[in-house]
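S.K.: After the structure tokens below, expect a handful of questions from me.
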Amino acid sequence: MKLATDETGEAMVFSARLLSSKRITPESSREDVRLMSFQTDNLYFDSKVGSCIRILAPGQYGNRYHPRFYSIAESEQTDDGARFEICVRRCFYLDEVNGEEYGGVASNYLCDMQPGSAINFSGPIGYPFVVPENVNANLLMIGMGTGIAPFRGLIRMIYEKHGNWKGKVRLFYGARTGLEMLYMNDANNDLANYYDQPTFKAFQAVSPRPAFEAHASLDKTLEQNAAEVWEIVNSPDSRIYVAGMTQMLNMIDKAMTYIAGSSQAWMTKRKELISAGRWHDVLY
Ligand SMILES: Cc1cc2nc3c(=O)[nH]c(=O)nc-3n(C[C@H](O)[C@H](O)[C@H](O)COP(=O)(O)OP(=O)(O)OC[C@H]3O[C@@H](n4cnc5c(N)ncnc54)[C@H](O)[C@@H]3O)c2cc1C
């Protein structure tokens, strides 16, 4: 991971002003996920969709900061700096000793911020999602929860900046319930802008047992589309992009093992994709 550094080699700390914070889960959902848009006036900050920033939330118990990573969902360089978006899920955890629920420090700090206030952060960190030059390349995107955030920016980049994309673009997206679909719900379906693109298709997967915190059936949805998924994986210059919680990698491996015919066949293919720079992931 590489951070922007100053002349002494220290990671540079930037600041950015919150322009807007919009809840993108419906009010009836128990999940509070927000799309937050920031502006930095620092001309050195250059972020790309798929890379991350390290936000320095105010620390607790004598610590100066509580640093946490967030992946860049949209990014645009402007003459006076950069504008970028992140998608933040408000986290809670249960203290097993006293049974009380506490809010996660950074996510609650961010979700409670008001427009006009500012964050400090460093970055960008990690590798951005790169769109291949070849417009015939097939692209497979797999996201869970807030992992869909960078795909919205990536899909916009493919159709609006590159234009006339001829390869297949397939998005597989999972959430625990239909109410937690971040961009594919009635209120907020901005991916619908791309549904009339002949090369774009999106597949949703929701958990079969939402009350039990079961994972979305992303593996089943991939398996149901086995022939097309395998064709994309094997086509020249294709790219596979994965984003979301680390646990989803097991789910993808399980589905791909089924699709490839054996664990060995999938592991060999995955290694080949990684070494050719055709596999991009941001996992957390
Ligand atoms: C590369 C990367 C990219 C990421 N991108 C995103 C993104 O785009 N959007 C997003 O919403 N998140 C993202 N995350 C996750 C994010 O960085 C934070 O981890 C998340 O927001 C929770 O941070 P927090 O400070 O709110 O919670 P914290 O206060 O750090 O708590 C987080 C968890 O720690 C445990 N915990 C902490 N303290 C205690 C305690 N006293 N007792 C018991 N358990 C405890 C709990 O399990 C709790 O759920 C990313 C993470 C990584 C590594």
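Ordering of the structure tokens sets the chain letters (A, B, ...), residue numbers begin anew at 1 in every chain, and ligands are numbered from 1 in the order given.
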Tell me which protein, DNA and RNA residues are within 7 Å of Glu85 in chain A, counting only C-alpha atoms, leaving out same-chain ones fewer than 6 positions away, and put them as a ChimeraX atom specification.
M.R.: /A:35-38,72-75
S.K.: Find the residues of chain A that sit at most 6 Å from ligand 1; for each, write down the nearest two atoms and how far apart they are in Å, to one decimal. Count only C-alpha atoms and all ligand atoms. Sort by chain, then by number going up, and give it as CSV.
M.R.:
```
residue,atom,partner,partner_atom_place_in_ligand_line,distance
A:Arg68,CA,ligand 1,17 (O),4.2
A:Phe69,CA,ligand 1,17 (O),3.8
A:Tyr70,CA,ligand 1,5 (N),3.5
A:Ser71,CA,ligand 1,8 (O),4.0
A:Cys87,CA,ligand 1,9 (N),5.1
A:Val88,CA,ligand 1,11 (O),3.5
A:Arg89,CA,ligand 1,11 (O),4.0
A:Cys91,CA,ligand 1,26 (O),5.2
A:Phe92,CA,ligand 1,49 (O),5.6
A:Tyr93,CA,ligand 1,49 (O),4.5
A:Asp95,CA,ligand 1,42 (N),4.9
A:Gly104,CA,ligand 1,26 (O),3.2
A:Val105,CA,ligand 1,25 (O),3.9
A:Ala106,CA,ligand 1,25 (O),3.5
A:Ser107,CA,ligand 1,26 (O),3.5
A:Asn108,CA,ligand 1,26 (O),5.8
A:Thr146,CA,ligand 1,9 (N),5.5
A:Val282,CA,ligand 1,1 (C),5.9
A:Leu283,CA,ligand 1,1 (C),5.7
A:Tyr284,CA,ligand 1,52 (C),4.2
```
S.K.: Which of these, A:Gly50, A:Gly244, A:Pro26, A:Gly145, has the shortest distance to Gly126 in chain A once you count only C-alpha atoms?
M.R.: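 Selected residue with least distance to Gly126 in chain A: A:Gly50.
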S.K.: Counting only C-alpha atoms, which of A:Glu231, A:Asp190, A:Asp196, A:Glu133 gets nearest to Arg156 in chain A?
M.R.: A:Asp190
S.K.: Tell me, as a list in words, which residues lie within 7 Å of Ala243 in chain A, counting only C-alpha atoms; anything in the same chain fewer than 5 positions away does not count.
M.R.: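 Contacts, in chain order: Ile142, Gly143, Met144, Gly147, Ile148, Asp281, Val282 and Leu283 of chain A.
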